[in-house]
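Notes to accompany the following structure.
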Amino acid sequence: MKPESVYNNLKAIDVRPKAEKKGRADYLSWAHAWDMLKSNYPQAQRIIYESEHTGLNYFTDGRTAYVKVGIVVNDLEHIDMLCVMDHRNKSIPIEKLCSFEVNRQSNGPLLRPLRCTALDFLYGQVRIY
């Protein structure tokens, strides 16, 4: 299947039944987005990259950290990198970083490649978190 066919197939899915209300906006959880992708493309993969220098699942500039996550659908990979942030969307200093934030942020970038490519069908329906 061509990459544009993947895009068009997923774009046609109505995600509104799985949407949840958060404030004034409708959102789709990353778990629902991943389920919809895997239901349509069981071979889809998520890759969480590790630093070749540390072996850890995050990267650092010495002050803060970021994660790198890829989504592969039909041999086409889309990669995203996001800083590890707290609940106020502020970067967490490296000395205060814990595995919980890194793990939580590893799921967040999953959505950006999905939104930007394979699951861009969410545009105009709901947001994903």
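By convention here, the chains of the structure tokens are called A, B, ... in the order presented, each chain's residues are numbered starting at 1, and ligands are numbered starting at 1 in the order presented.
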
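Around Lys90 in chain A, within 12 Å and counting only C-alpha atoms, the residues found are A:Thr64, A:Ala65, A:Leu82, A:Cys83, A:Val84, A:Glu101, once anything fewer than 6 positions away on its own chain is removed.
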
I need the chosen residues saved as a JSON list (two decimals), in the first residue's frame, with all heavy atoms.
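Wrote out.json, looks like this:
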[["chain", "number", "residue", "atom", "x", "y", "z"],
["A", 64, "THR", "N", 18.76, 19.82, 30.42],
["A", 64, "THR", "CA", 17.42, 19.24, 30.35],
["A", 64, "THR", "C", 17.51, 17.95, 29.54],
["A", 64, "THR", "O", 18.59, 17.54, 29.14],
["A", 64, "THR", "CB", 16.43, 20.22, 29.68],
["A", 64, "THR", "OG1", 16.90, 20.51, 28.36],
["A", 64, "THR", "CG2", 16.28, 21.50, 30.48],
["A", 65, "ALA", "N", 16.36, 17.34, 29.28],
["A", 65, "ALA", "CA", 16.35, 16.07, 28.55],
["A", 65, "ALA", "C", 15.26, 16.09, 27.49],
["A", 65, "ALA", "O", 14.31, 16.86, 27.57],
["A", 65, "ALA", "CB", 16.11, 14.90, 29.51],
["A", 82, "LEU", "N", 10.84, 15.42, 21.59],
["A", 82, "LEU", "CA", 10.21, 16.39, 22.49],
["A", 82, "LEU", "C", 10.98, 16.47, 23.80],
["A", 82, "LEU", "O", 11.49, 15.45, 24.30],
["A", 82, "LEU", "CB", 8.77, 16.00, 22.81],
["A", 82, "LEU", "CG", 7.74, 16.17, 21.70],
["A", 82, "LEU", "CD1", 6.40, 15.63, 22.16],
["A", 82, "LEU", "CD2", 7.61, 17.62, 21.30],
["A", 83, "CYS", "N", 11.02, 17.67, 24.36],
["A", 83, "CYS", "CA", 11.69, 17.81, 25.66],
["A", 83, "CYS", "C", 10.82, 17.16, 26.74],
["A", 83, "CYS", "O", 9.60, 17.05, 26.61],
["A", 83, "CYS", "CB", 11.95, 19.27, 25.97],
["A", 83, "CYS", "SG", 10.51, 20.31, 26.04],
["A", 84, "VAL", "N", 11.47, 16.70, 27.79],
["A", 84, "VAL", "CA", 10.77, 16.11, 28.93],
["A", 84, "VAL", "C", 10.30, 17.27, 29.80],
["A", 84, "VAL", "O", 11.11, 18.08, 30.27],
["A", 84, "VAL", "CB", 11.69, 15.15, 29.72],
["A", 84, "VAL", "CG1", 10.94, 14.57, 30.92],
["A", 84, "VAL", "CG2", 12.20, 14.04, 28.81],
["A", 101, "GLU", "N", 8.71, 10.84, 34.40],
["A", 101, "GLU", "CA", 8.56, 11.88, 33.38],
["A", 101, "GLU", "C", 9.08, 11.42, 32.02],
["A", 101, "GLU", "O", 8.49, 11.71, 31.00],
["A", 101, "GLU", "CB", 9.28, 13.16, 33.79],
["A", 101, "GLU", "CG", 8.53, 13.97, 34.83],
["A", 101, "GLU", "CD", 9.03, 13.71, 36.23],
["A", 101, "GLU", "OE1", 9.93, 12.86, 36.41],
["A", 101, "GLU", "OE2", 8.52, 14.35, 37.15]]

Go through range 21-120 of chain A and collect every residue that DSSP, computed from the backbone, puts in strand (DSSP E); the answer should be as number ranges by chain.
A: 21-22, 25-28, 45-48, 59-60, 65-73, 76-83

Resulting file, chosen residues, N, CA, C and O atoms, as an mmCIF file, in the first residue's frame:
data_model
loop_
_atom_site.group_PDB
_atom_site.id
_atom_site.type_symbol
_atom_site.label_atom_id
_atom_site.label_comp_id
_atom_site.auth_asym_id
_atom_site.auth_seq_id
_atom_site.Cartn_x
_atom_site.Cartn_y
_atom_site.Cartn_z
ATOM 1 N N LYS A 21 -13.768 14.752 26.749
ATOM 2 C CA LYS A 21 -13.809 16.189 26.963
ATOM 3 C C LYS A 21 -12.740 16.573 27.978
ATOM 4 O O LYS A 21 -12.614 15.953 29.027
ATOM 5 N N LYS A 22 -11.932 17.593 27.630
ATOM 6 C CA LYS A 22 -10.952 18.177 28.556
ATOM 7 C C LYS A 22 -11.106 19.675 28.446
ATOM 8 O O LYS A 22 -10.689 20.265 27.466
ATOM 9 N N ALA A 25 -12.208 21.503 24.960
ATOM 10 C CA ALA A 25 -11.765 20.785 23.756
ATOM 11 C C ALA A 25 -12.037 19.288 23.886
ATOM 12 O O ALA A 25 -12.154 18.748 24.984
ATOM 13 N N ASP A 26 -12.158 18.641 22.739
ATOM 14 C CA ASP A 26 -12.278 17.191 22.683
ATOM 15 C C ASP A 26 -10.895 16.611 22.393
ATOM 16 O O ASP A 26 -10.180 17.119 21.533
ATOM 17 N N TYR A 27 -10.535 15.552 23.096
ATOM 18 C CA TYR A 27 -9.226 14.941 22.951
ATOM 19 C C TYR A 27 -9.352 13.440 22.742
ATOM 20 O O TYR A 27 -10.297 12.816 23.205
ATOM 21 N N LEU A 28 -8.358 12.886 22.099
ATOM 22 C CA LEU A 28 -8.228 11.448 21.924
ATOM 23 C C LEU A 28 -6.958 11.028 22.636
ATOM 24 O O LEU A 28 -5.891 11.585 22.380
ATOM 25 N N GLN A 45 4.859 -0.091 14.012
ATOM 26 C CA GLN A 45 5.774 -0.204 15.152
ATOM 27 C C GLN A 45 6.061 1.161 15.742
ATOM 28 O O GLN A 45 6.086 2.163 15.035
ATOM 29 N N ARG A 46 6.318 1.151 17.031
ATOM 30 C CA ARG A 46 6.778 2.335 17.752
ATOM 31 C C ARG A 46 8.208 2.070 18.167
ATOM 32 O O ARG A 46 8.531 0.991 18.674
ATOM 33 N N ILE A 47 9.074 3.026 17.937
ATOM 34 C CA ILE A 47 10.481 2.878 18.312
ATOM 35 C C ILE A 47 10.836 3.990 19.284
ATOM 36 O O ILE A 47 10.651 5.171 18.980
ATOM 37 N N ILE A 48 11.319 3.625 20.460
ATOM 38 C CA ILE A 48 11.845 4.595 21.413
ATOM 39 C C ILE A 48 13.358 4.489 21.331
ATOM 40 O O ILE A 48 13.938 3.437 21.611
ATOM 41 N N PHE A 59 17.803 11.706 25.845
ATOM 42 C CA PHE A 59 19.008 12.410 25.446
ATOM 43 C C PHE A 59 19.093 13.675 26.296
ATOM 44 O O PHE A 59 18.071 14.163 26.785
ATOM 45 N N THR A 60 20.282 14.207 26.470
ATOM 46 C CA THR A 60 20.424 15.401 27.292
ATOM 47 C C THR A 60 21.461 16.349 26.727
ATOM 48 O O THR A 60 22.416 15.922 26.076
ATOM 49 N N ALA A 65 16.356 17.338 29.283
ATOM 50 C CA ALA A 65 16.349 16.071 28.553
ATOM 51 C C ALA A 65 15.258 16.094 27.486
ATOM 52 O O ALA A 65 14.307 16.860 27.569
ATOM 53 N N TYR A 66 15.431 15.229 26.494
ATOM 54 C CA TYR A 66 14.414 15.041 25.473
ATOM 55 C C TYR A 66 14.375 13.579 25.078
ATOM 56 O O TYR A 66 15.325 12.825 25.296
ATOM 57 N N VAL A 67 13.249 13.164 24.527
ATOM 58 C CA VAL A 67 13.069 11.794 24.056
ATOM 59 C C VAL A 67 12.894 11.821 22.547
ATOM 60 O O VAL A 67 12.464 12.823 21.970
ATOM 61 N N LYS A 68 13.236 10.704 21.926
ATOM 62 C CA LYS A 68 13.132 10.548 20.473
ATOM 63 C C LYS A 68 12.323 9.285 20.204
ATOM 64 O O LYS A 68 12.681 8.205 20.666
ATOM 65 N N VAL A 69 11.199 9.449 19.490
ATOM 66 C CA VAL A 69 10.289 8.339 19.227
ATOM 67 C C VAL A 69 9.960 8.306 17.744
ATOM 68 O O VAL A 69 9.743 9.345 17.121
ATOM 69 N N GLY A 70 9.940 7.106 17.178
ATOM 70 C CA GLY A 70 9.569 6.935 15.781
ATOM 71 C C GLY A 70 8.356 6.043 15.640
ATOM 72 O O GLY A 70 8.108 5.174 16.477
ATOM 73 N N ILE A 71 7.592 6.276 14.593
ATOM 74 C CA ILE A 71 6.450 5.444 14.226
ATOM 75 C C ILE A 71 6.726 4.934 12.824
ATOM 76 O O ILE A 71 7.029 5.723 11.922
ATOM 77 N N VAL A 72 6.613 3.610 12.633
ATOM 78 C CA VAL A 72 6.840 3.002 11.329
ATOM 79 C C VAL A 72 5.540 2.364 10.855
ATOM 80 O O VAL A 72 4.966 1.527 11.553
ATOM 81 N N VAL A 73 5.080 2.796 9.682
ATOM 82 C CA VAL A 73 3.905 2.204 9.044
ATOM 83 C C VAL A 73 4.298 1.920 7.604
ATOM 84 O O VAL A 73 4.720 2.825 6.883
ATOM 85 N N LEU A 76 7.661 3.159 6.317
ATOM 86 C CA LEU A 76 7.888 4.595 6.325
ATOM 87 C C LEU A 76 7.923 5.056 7.778
ATOM 88 O O LEU A 76 6.953 4.865 8.514
ATOM 89 N N GLU A 77 9.064 5.623 8.187
ATOM 90 C CA GLU A 77 9.211 6.051 9.582
ATOM 91 C C GLU A 77 9.126 7.565 9.696
ATOM 92 O O GLU A 77 9.683 8.293 8.887
ATOM 93 N N HIS A 78 8.424 7.993 10.737
ATOM 94 C CA HIS A 78 8.356 9.407 11.091
ATOM 95 C C HIS A 78 8.846 9.522 12.523
ATOM 96 O O HIS A 78 8.366 8.808 13.408
ATOM 97 N N ILE A 79 9.812 10.406 12.724
ATOM 98 C CA ILE A 79 10.473 10.558 14.016
ATOM 99 C C ILE A 79 10.125 11.917 14.609
ATOM 100 O O ILE A 79 10.054 12.915 13.900
ATOM 101 N N ASP A 80 9.957 11.930 15.925
ATOM 102 C CA ASP A 80 9.718 13.178 16.628
ATOM 103 C C ASP A 80 10.565 13.214 17.887
ATOM 104 O O ASP A 80 10.854 12.172 18.482
ATOM 105 N N MET A 81 10.977 14.407 18.276
ATOM 106 C CA MET A 81 11.730 14.606 19.514
ATOM 107 C C MET A 81 11.038 15.698 20.316
ATOM 108 O O MET A 81 10.687 16.743 19.773
ATOM 109 N N LEU A 82 10.839 15.420 21.594
ATOM 110 C CA LEU A 82 10.214 16.393 22.489
ATOM 111 C C LEU A 82 10.981 16.466 23.798
ATOM 112 O O LEU A 82 11.489 15.453 24.303
ATOM 113 N N CYS A 83 11.019 17.670 24.364
ATOM 114 C CA CYS A 83 11.685 17.808 25.659
ATOM 115 C C CYS A 83 10.821 17.155 26.741
ATOM 116 O O CYS A 83 9.604 17.052 26.612
#

When you look at range 92-100 of chain A with a cut-off of 6 Å (counting only C-alpha atoms), what residues show up, excluding the ones that are within fewer than 2 positions of it in the same chain? I need them as a count of residues only.
5

How many Å separate CA of Lys11 in chain A from CA of Ser106 in chain A?
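Result for CA of Lys11 in chain A versus CA of Ser106 in chain A: 23.9 Å, one decimal.
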
Helix (DSSP H, G or I) residues, from DSSP on the backbone, in range 3-123 of chain A, as JSON, numbers by chain
{"A": [3, 4, 5, 6, 7, 8, 9, 10, 11, 16, 17, 18, 30, 31, 32, 33, 34, 35, 36, 37, 38, 39, 40, 94, 95, 96, 99, 100, 101, 102, 103, 104, 105, 106, 107, 108, 109, 110, 111, 112, 113, 114, 115, 116, 117, 118, 120, 121, 122]}

Writing out the chosen residues with C-alpha atoms as a CSV table (one decimal), in the first residue's frame:
chain,number,residue,atom,x,y,z
A,3,PRO,CA,2.1,5.9,2.0
A,4,GLU,CA,-0.7,8.3,0.8
A,5,SER,CA,-3.1,5.4,0.9
A,6,VAL,CA,-2.2,4.8,4.6
A,7,TYR,CA,-2.8,8.5,5.2
A,8,ASN,CA,-6.1,8.5,3.4
A,9,ASN,CA,-7.3,5.3,5.0
A,10,LEU,CA,-6.7,6.6,8.5
A,11,LYS,CA,-8.0,10.1,7.7
A,16,ARG,CA,-15.1,11.3,17.7
A,17,PRO,CA,-16.7,8.3,19.5
A,18,LYS,CA,-13.5,7.8,21.4
A,30,TRP,CA,-2.6,8.3,22.9
A,31,ALA,CA,-3.8,4.8,23.8
A,32,HIS,CA,-6.9,5.2,21.6
A,33,ALA,CA,-4.8,6.6,18.7
A,34,TRP,CA,-2.4,3.7,19.0
A,35,ASP,CA,-5.2,1.2,19.0
A,36,MET,CA,-6.8,2.7,15.9
A,37,LEU,CA,-3.4,2.6,14.1
A,38,LYS,CA,-2.7,-1.0,15.1
A,39,SER,CA,-6.3,-2.1,14.3
A,40,ASN,CA,-5.8,-0.9,10.7
A,94,ILE,CA,18.3,17.1,34.5
A,95,GLU,CA,19.1,16.9,38.2
A,96,LYS,CA,15.3,16.6,39.0
A,99,SER,CA,11.9,7.8,35.0
A,100,PHE,CA,8.2,8.7,35.4
A,101,GLU,CA,8.6,11.9,33.4
A,102,VAL,CA,10.7,10.2,30.8
A,103,ASN,CA,8.2,7.4,30.4
A,104,ARG,CA,5.3,9.8,30.2
A,105,GLN,CA,7.0,11.9,27.6
A,106,SER,CA,7.9,8.8,25.6
A,107,ASN,CA,4.2,8.3,25.0
A,108,GLY,CA,3.6,11.9,24.1
A,109,PRO,CA,5.9,12.0,21.1
A,110,LEU,CA,4.1,8.9,19.8
A,111,LEU,CA,1.2,11.1,19.0
A,112,ARG,CA,3.1,13.8,17.1
A,113,PRO,CA,4.3,11.4,14.4
A,114,LEU,CA,0.9,9.8,14.3
A,115,ARG,CA,-0.8,13.2,14.0
A,116,CYS,CA,1.6,14.5,11.4
A,117,THR,CA,1.5,11.5,9.2
A,118,ALA,CA,-0.4,8.3,9.7
A,120,ASP,CA,-3.6,13.0,10.7
A,121,PHE,CA,-7.2,12.1,10.3
A,122,LEU,CA,-7.6,13.6,13.8
